[in-house]
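Listing of target14.cif, mmCIF, C-alpha atoms and all ligand atoms
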```cif
data_run
loop_
_atom_site.label_atom_id
_atom_site.label_comp_id
_atom_site.auth_asym_id
_atom_site.auth_seq_id
_atom_site.Cartn_x
_atom_site.Cartn_y
_atom_site.Cartn_z
CA MET A 1428 34.78 70.40 76.86
CA LEU A 1429 33.90 69.83 73.25
CA THR A 1430 30.20 69.79 73.95
CA ALA A 1431 30.58 73.41 75.02
CA CYS A 1432 30.98 74.21 71.33
CA VAL A 1433 27.31 73.83 70.44
CA GLY A 1434 26.23 75.85 67.47
CA ARG A 1435 22.44 75.46 67.38
CA THR A 1436 20.27 77.76 69.42
CA ASP A 1437 16.99 75.87 69.04
CA GLY A 1438 17.74 73.21 71.62
CA ILE A 1439 18.34 70.47 69.02
CA ARG A 1440 21.93 69.42 69.06
CA ASP A 1441 23.50 68.13 65.87
CA PRO A 1442 26.34 65.81 66.92
CA LEU A 1443 28.60 67.65 64.50
CA ASP A 1444 27.82 70.94 66.22
CA SER A 1445 28.70 69.43 69.55
CA LEU A 1446 32.13 68.76 68.11
CA GLY A 1447 32.75 72.34 67.31
CA ARG A 1448 31.25 73.53 64.04
CA ASN A 1449 29.34 76.77 64.34
CA THR A 1450 25.87 76.85 62.85
CA THR A 1451 25.03 80.51 62.39
CA MET A 1452 21.88 82.27 63.57
CA THR A 1453 20.65 82.34 59.98
CA GLY A 1454 20.74 78.57 59.81
CA GLY A 1455 23.76 78.38 57.51
CA SER A 1456 27.07 76.80 58.43
CA ALA A 1457 30.23 78.75 59.16
CA PRO A 1458 33.36 76.84 58.20
CA VAL A 1459 35.30 77.98 61.24
CA SER A 1460 34.48 76.23 64.47
CA GLN A 1461 33.93 78.15 67.66
CA CYS A 1462 36.38 75.83 69.42
CA GLN A 1463 38.99 76.39 66.75
CA LYS A 1464 38.60 80.17 66.79
CA PRO A 1465 35.96 81.66 69.10
CA THR A 1466 34.26 84.81 67.82
CA GLY A 1467 31.38 87.07 68.85
CA TRP A 1468 28.86 86.48 71.60
CA LEU A 1469 28.76 82.72 70.99
CA GLY A 1470 32.54 82.59 71.24
CA ARG A 1471 32.44 84.52 74.52
CA PHE A 1472 29.84 82.12 75.89
CA ILE A 1473 31.86 79.07 74.84
CA LEU A 1474 35.06 80.48 76.34
CA TRP A 1475 33.22 81.08 79.61
CA ARG A 1476 31.90 77.49 79.55
CA MET A 1477 35.32 76.04 78.70
CA ASN A 1478 36.98 77.83 81.62
CA ALA A 1479 34.80 75.73 83.93
CA SER A 1480 34.50 72.54 81.91
CA HIS A 1481 38.23 72.10 81.18
CA SER A 1482 39.46 72.70 84.72
CA LYS A 1483 39.42 69.04 85.85
CA LEU A 1484 41.19 67.95 82.65
CA THR A 1485 43.75 70.74 83.07
CA ASP A 1486 44.39 69.93 86.74
CA TRP A 1487 44.82 66.24 85.87
CA GLY A 1488 47.29 67.02 83.09
CA LEU A 1489 49.33 69.58 85.02
CA ARG A 1490 49.77 67.10 87.86
CA HIS A 1491 52.19 65.23 85.57
CA ILE A 1492 54.67 68.07 85.33
CA SER A 1493 56.73 69.81 88.01
CA ARG A 1494 56.94 73.60 88.22
CA THR A 1495 59.23 75.99 90.05
CA LYS A 1496 59.12 79.62 91.09
CA GLN A 1497 61.70 80.52 88.44
CA ASP A 1498 59.65 79.19 85.53
CA VAL A 1499 58.72 81.38 82.61
CA ILE A 1500 55.62 79.69 81.18
CA LEU A 1501 53.65 80.03 77.93
CA ASP A 1502 50.09 78.75 77.52
CA VAL A 1503 49.35 78.25 73.82
CA GLY A 1504 45.70 78.48 72.73
CA CYS A 1505 44.90 80.08 76.08
CA GLY A 1506 41.15 80.45 75.32
CA GLY A 1507 39.27 81.95 78.27
CA GLY A 1508 42.43 82.23 80.40
CA GLU A 1509 41.65 79.76 83.19
CA THR A 1510 44.87 77.75 82.65
CA ILE A 1511 46.90 80.96 82.82
CA ARG A 1512 45.13 81.86 86.07
CA THR A 1513 45.84 78.40 87.52
CA LEU A 1514 49.51 78.49 86.47
CA ALA A 1515 50.04 82.02 87.78
CA ALA A 1516 48.37 81.24 91.10
CA SER A 1517 49.71 77.79 91.86
CA SER A 1518 53.50 78.01 91.98
CA MET A 1519 53.99 81.78 91.63
CA PRO A 1520 56.21 81.40 88.55
CA ALA A 1521 58.41 84.23 87.31
CA LYS A 1522 55.89 85.04 84.59
CA VAL A 1523 53.08 83.41 82.64
CA TYR A 1524 52.43 84.34 79.02
CA GLY A 1525 49.42 83.38 76.94
CA VAL A 1526 48.93 83.34 73.19
CA ASP A 1527 45.87 82.68 71.05
CA HIS A 1528 44.95 83.43 67.44
CA SER A 1529 41.42 84.48 68.41
CA GLU A 1530 40.90 88.11 69.45
CA GLU A 1531 37.91 86.95 71.51
CA SER A 1532 40.11 84.46 73.41
CA VAL A 1533 42.81 87.07 74.04
CA ALA A 1534 40.19 89.51 75.36
CA ALA A 1535 38.61 86.85 77.59
CA SER A 1536 42.03 85.77 78.94
CA CYS A 1537 42.89 89.39 79.70
CA ARG A 1538 39.61 89.90 81.55
CA LYS A 1539 40.19 86.70 83.53
CA ASN A 1540 43.72 87.72 84.56
CA VAL A 1541 43.42 91.48 84.83
CA GLY A 1542 44.97 91.71 88.32
CA ALA A 1543 48.00 89.57 87.42
CA ILE A 1544 48.46 91.53 84.17
CA GLU A 1545 48.47 94.82 86.08
CA ALA A 1546 50.98 93.32 88.51
CA GLY A 1547 53.22 92.34 85.58
CA ARG A 1548 52.97 88.62 86.32
CA VAL A 1549 50.92 87.73 83.21
CA GLU A 1550 51.08 88.89 79.59
CA ILE A 1551 48.79 87.76 76.78
CA LYS A 1552 49.40 88.16 73.06
CA LEU A 1553 47.47 87.62 69.85
CA GLY A 1554 49.26 85.16 67.59
CA SER A 1555 49.31 81.76 65.95
CA VAL A 1556 51.09 78.68 67.22
CA SER A 1557 52.57 78.47 63.72
CA ARG A 1558 54.40 81.79 64.16
CA LEU A 1559 54.71 82.51 67.86
CA PRO A 1560 55.32 86.19 68.69
CA PHE A 1561 58.26 85.37 70.97
CA ALA A 1562 62.04 85.20 70.67
CA ASP A 1563 63.96 81.91 70.60
CA GLY A 1564 64.64 80.00 73.81
CA ILE A 1565 62.77 81.98 76.46
CA PHE A 1566 60.31 79.54 78.07
CA ASP A 1567 60.89 76.86 80.71
CA LEU A 1568 57.49 75.32 80.12
CA VAL A 1569 54.86 75.50 77.36
CA THR A 1570 51.36 74.21 78.06
CA ALA A 1571 48.64 73.52 75.50
CA VAL A 1572 45.23 72.41 76.74
CA GLU A 1573 42.56 71.14 74.36
CA THR A 1574 44.04 73.10 71.47
CA HIS A 1575 46.55 71.01 69.47
CA ILE A 1576 43.66 69.10 67.86
CA TRP A 1577 42.90 72.35 65.96
CA TRP A 1578 46.42 73.37 64.91
CA PRO A 1579 46.97 73.77 61.17
CA ASP A 1580 50.39 72.11 60.88
CA LEU A 1581 51.04 69.84 63.85
CA PRO A 1582 54.63 68.77 63.00
CA GLY A 1583 55.66 72.35 62.15
CA ASP A 1584 53.79 73.80 65.12
CA MET A 1585 55.56 71.39 67.49
CA ARG A 1586 58.89 72.60 66.08
CA GLU A 1587 57.81 76.23 66.46
CA ILE A 1588 57.12 75.60 70.16
CA ARG A 1589 60.50 73.90 70.45
CA ARG A 1590 62.06 77.09 69.04
CA VAL A 1591 60.71 79.24 71.90
CA LEU A 1592 61.63 76.73 74.63
CA LYS A 1593 64.90 77.11 76.52
CA PRO A 1594 67.28 74.17 76.14
CA GLY A 1595 65.92 71.66 78.64
CA GLY A 1596 62.46 73.33 78.58
CA ARG A 1597 59.35 71.19 78.47
CA LEU A 1598 56.13 71.02 76.46
CA ILE A 1599 52.93 69.47 77.79
CA ILE A 1600 49.86 68.96 75.62
CA ILE A 1601 46.59 67.87 77.18
CA ALA A 1602 43.34 66.83 75.48
CA GLU A 1603 40.03 65.18 76.27
CA VAL A 1604 39.89 63.28 72.97
CA TYR A 1605 42.30 61.17 70.96
CA LYS A 1606 42.11 58.52 68.29
CA GLY A 1607 41.33 55.11 69.70
CA ALA A 1608 40.04 56.31 73.09
CA ASN A 1609 37.06 54.27 74.17
CA THR A 1610 34.67 57.13 74.98
CA MET A 1611 31.61 58.48 73.20
CA THR A 1612 33.20 61.94 72.83
CA SER A 1613 36.30 60.54 71.16
CA ARG A 1614 34.28 58.26 68.89
CA LEU A 1615 32.10 61.18 67.76
CA ALA A 1616 35.17 63.38 67.31
CA GLU A 1617 36.76 60.68 65.16
CA GLN A 1618 33.61 60.12 63.14
CA TYR A 1619 33.22 63.80 62.26
CA ALA A 1620 36.89 64.81 62.09
CA GLY A 1621 36.72 65.15 58.31
CA ARG A 1622 34.05 67.82 58.63
CA THR A 1623 35.21 69.65 61.77
CA GLY A 1624 38.86 69.82 60.73
CA MET A 1625 39.92 68.36 64.06
CA VAL A 1626 43.15 66.33 63.89
CA LEU A 1627 43.02 63.25 66.09
CA LEU A 1628 46.08 61.11 66.74
CA THR A 1629 46.54 57.82 68.54
CA ALA A 1630 48.76 57.65 71.63
CA ASP A 1631 51.59 56.23 69.48
CA GLU A 1632 51.17 58.97 66.89
CA HIS A 1633 51.39 61.55 69.70
CA ARG A 1634 54.65 59.98 70.82
CA ARG A 1635 56.03 60.15 67.26
CA LEU A 1636 54.87 63.75 66.93
CA PHE A 1637 57.09 64.71 69.87
CA THR A 1638 60.11 62.66 68.84
CA ASP A 1639 59.95 63.70 65.16
CA ALA A 1640 59.91 67.36 66.27
CA GLY A 1641 63.10 66.79 68.26
CA TYR A 1642 61.79 66.37 71.81
CA VAL A 1643 63.38 63.91 74.19
CA GLU A 1644 62.19 62.16 77.38
CA VAL A 1645 58.78 61.83 75.73
CA GLN A 1646 56.01 60.51 77.95
CA LEU A 1647 52.37 59.77 77.18
CA VAL A 1648 49.75 59.30 79.88
CA GLU A 1649 46.22 58.12 79.15
CA GLU A 1650 43.21 58.36 81.48
CA ASP A 1651 41.35 55.41 79.98
CA ARG A 1652 38.04 55.88 81.77
CA LYS A 1653 37.67 59.49 80.64
CA GLY A 1654 39.55 59.22 77.34
CA TRP A 1655 41.99 61.97 78.32
CA ILE A 1656 45.55 62.15 77.06
CA CYS A 1657 48.60 64.07 78.13
CA GLY A 1658 51.89 64.17 76.22
CA MET A 1659 55.14 65.60 77.49
CA GLY A 1660 58.58 66.14 76.02
CA ARG A 1661 61.75 68.07 76.68
CA LYS A 1662 63.86 70.17 74.33
CA PRO A 1663 67.37 68.71 74.49
CA SER A 1664 69.69 70.72 76.67
CA MET A 1665 72.80 72.34 75.14
CA ALA A 1666 74.91 69.73 76.89
CA THR A 1667 73.24 66.76 75.21
CA GLY A 1668 72.56 68.60 71.95
CA SER A 1669 71.89 65.27 70.25
CA VAL A 1670 68.98 66.45 68.12
CA PRO A 1671 69.72 69.19 65.58
CA ASP A 1672 67.54 72.28 65.58
CA LEU A 1673 65.32 71.81 62.57
CA GLY A 1674 64.14 75.42 62.57
CA ARG A 1675 61.10 76.42 60.51
C1 LIG B 1701 38.93 74.42 72.64
S1 LIG B 1701 39.71 75.98 73.01
C2 LIG B 1701 40.66 75.62 74.48
C3 LIG B 1701 40.99 76.85 75.26
C4 LIG B 1701 41.76 76.63 76.57
N1 LIG B 1701 43.09 76.12 76.34
C5 LIG B 1701 40.99 75.74 77.48
O1 LIG B 1701 41.48 74.66 77.82
O2 LIG B 1701 39.87 76.09 77.87
C6 LIG B 1701 40.99 76.07 71.77
C7 LIG B 1701 41.71 77.39 71.76
O3 LIG B 1701 42.87 77.24 70.93
C8 LIG B 1701 42.96 78.38 70.10
N2 LIG B 1701 43.66 78.00 68.86
C9 LIG B 1701 43.27 77.11 67.93
N3 LIG B 1701 44.13 77.07 66.91
C10 LIG B 1701 45.13 77.96 67.21
C11 LIG B 1701 46.31 78.38 66.53
N4 LIG B 1701 46.61 77.89 65.32
N5 LIG B 1701 47.10 79.30 67.13
C12 LIG B 1701 46.77 79.82 68.33
N6 LIG B 1701 45.64 79.48 69.02
C13 LIG B 1701 44.82 78.56 68.47
C14 LIG B 1701 41.50 78.78 69.84
O4 LIG B 1701 41.38 80.11 69.40
C15 LIG B 1701 40.88 78.54 71.20
O5 LIG B 1701 40.95 79.67 72.04
#
```
Structure translated into structure tokens:
Amino acid sequence: MLTACVGRTDGIRDPLDSLGRNTTMTGGSAPVSQCQKPTGWLGRFILWRMNASHSKLTDWGLRHISRTKQDVILDVGCGGGETIRTLAASSMPAKVYGVDHSEESVAASCRKNVGAIEAGRVEIKLGSVSRLPFADGIFDLVTAVETHIWWPDLPGDMREIRRVLKPGGRLIIIAEVYKGANTMTSRLAEQYAGRTGMVLLTADEHRRLFTDAGYVEVQLVEEDRKGWICGMGRKPSMATGSVPDLGR
């Protein structure tokens, strides 16, 4: 939930802060948003809030994709680790990995999933979506909840995810804001995108993002009332092989 990313501590909420910029305790402005890269006690608080506030969005999005017990899954931008917990608990996949570029997020995800990590069912790594710390072609499914809006190079990052997917593997991205959604949150996000650094795309631009990065069977689902969006695509299987691997 973007409003979890409040920066002010005096009870007055600047709309920009509610979209993710961190106003520091000294009253100055930090350029890096707590939603983009949580740090310190405020980051820990926001991660804790997001675990609860994103669960309905996550459940809605994940309903659009099937999962099996054999799946090896990666959650990119895993934040506080609730999506990893849900994925690991729901279909008992072979293994769930998480990755996040924030040390605070990695620590929070590890705390959230300590039992599954000890059992060898979950593993969480520090790393950027732009250079994933994984070998080529190892995941059946990659999930990304409320994170792609912060990625530094969306077209390249989509190709980097495609690199780590198995042929036939799927990517699902889920977000509570997108360009053109008729909700207050999306309108505010759009209005302040230039200052927060958030990248907002329309539904059609999401579709192009997938196809331009070489995904097939692309599907977009919008939850109009809430302004939620979910995009899905598949890496072509070896057999079809119609889209060349663009690499990075
Ligand atoms: C708004 S939080 C969402 C966290 C979680 N997916 C959820 O739904 O609660 C965005 C997360 O994406 C991570 N993130 C943003 N940009 C990233 C990047 N370039 N590489 C890896 N993680 C990134 C942030 O550190 C943060 O933990």
Legend entry - Spatial neighbours of range 1626-1639 of chain A, max dist 9 Å, only C-alpha atoms, sep filter under 6 positions, as a list in words: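 Listing them by chain and then by number gives His1575, Ile1576, Trp1577, Trp1578, Pro1579, Leu1581, Pro1582, Met1585, Arg1586, Val1604, Tyr1605, Lys1606, Gly1607, Ala1608, Ser1613, Ala1616, Glu1617, Ala1620, Val1645, Gln1646, Leu1647, Val1648, Glu1649, Ile1656, Gly1658, Met1659, Gly1660 and Arg1661 of chain A.
Among the candidates A:Gly1595, A:Gly1467, A:Gly1542, A:Gly1554, the residue lying nearest to ligand LIG 1701 (chain B) is A:Gly1554 (atoms considered: only C-alpha atoms and all ligand atoms).
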Inset, instruction - For ligand LIG 1701 (chain B), list the contacting residues at 6 Å or closer, counting all atoms listed in the file, as a ChimeraX atom specification. - result: /A:1462-1465,1477-1478,1481,1504-1507,1527-1529,1532,1554-1556,1572-1574,1577-1579
Would you write out, as a Markdown table, a table of all residues in range 1513-1561 of chain A that have an atom no more than 7 Å from an atom of range 1482-1496 of chain A, listing for each the closest atom pair and the distance in Å to one decimal, considering all atoms listed in the file and ordering rows by chain and rising residue number?
```
| residue | atom | partner | partner_atom | distance |
| --- | --- | --- | --- | --- |
| A:Ser1518 | CA | A:Lys1496 | CA | 5.9 |
| A:Met1519 | CA | A:Lys1496 | CA | 5.6 |
| A:Pro1520 | CA | A:Lys1496 | CA | 4.3 |
| A:Ala1521 | CA | A:Lys1496 | CA | 6.0 |
```
Legend entry - Separation of CA of Asp1567 in chain A from CA of Lys1662 in chain A, in Å and rounded to one decimal: 9.7 Å
Legend entry - Residue nearest Glu1550 in chain A among A:Glu1650, A:Asp1502, A:Glu1603, A:Asp1584 (counting only C-alpha atoms):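 Nearest candidate to Glu1550 in chain A out of A:Glu1650, A:Asp1502, A:Glu1603, A:Asp1584: A:Asp1502.
Between CA of Leu1474 in chain A and CA of Ala1535 in chain A the separation is 7.4 Å.
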Legend entry - Closest of A:Phe1566, A:Arg1652, A:Arg1558, A:Gln1618 to Gln1497 in chain A - atom-to-atom distances counting only C-alpha atoms: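 Comparing A:Phe1566, A:Arg1652, A:Arg1558, A:Gln1618 against Gln1497 in chain A, the winner is A:Phe1566.
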Inset, instruction - Please measure the separation of CA of Leu1598 in chain A and CA of Val1533 in chain A, giving the value in Å to one decimal. - result: 21.0 Å
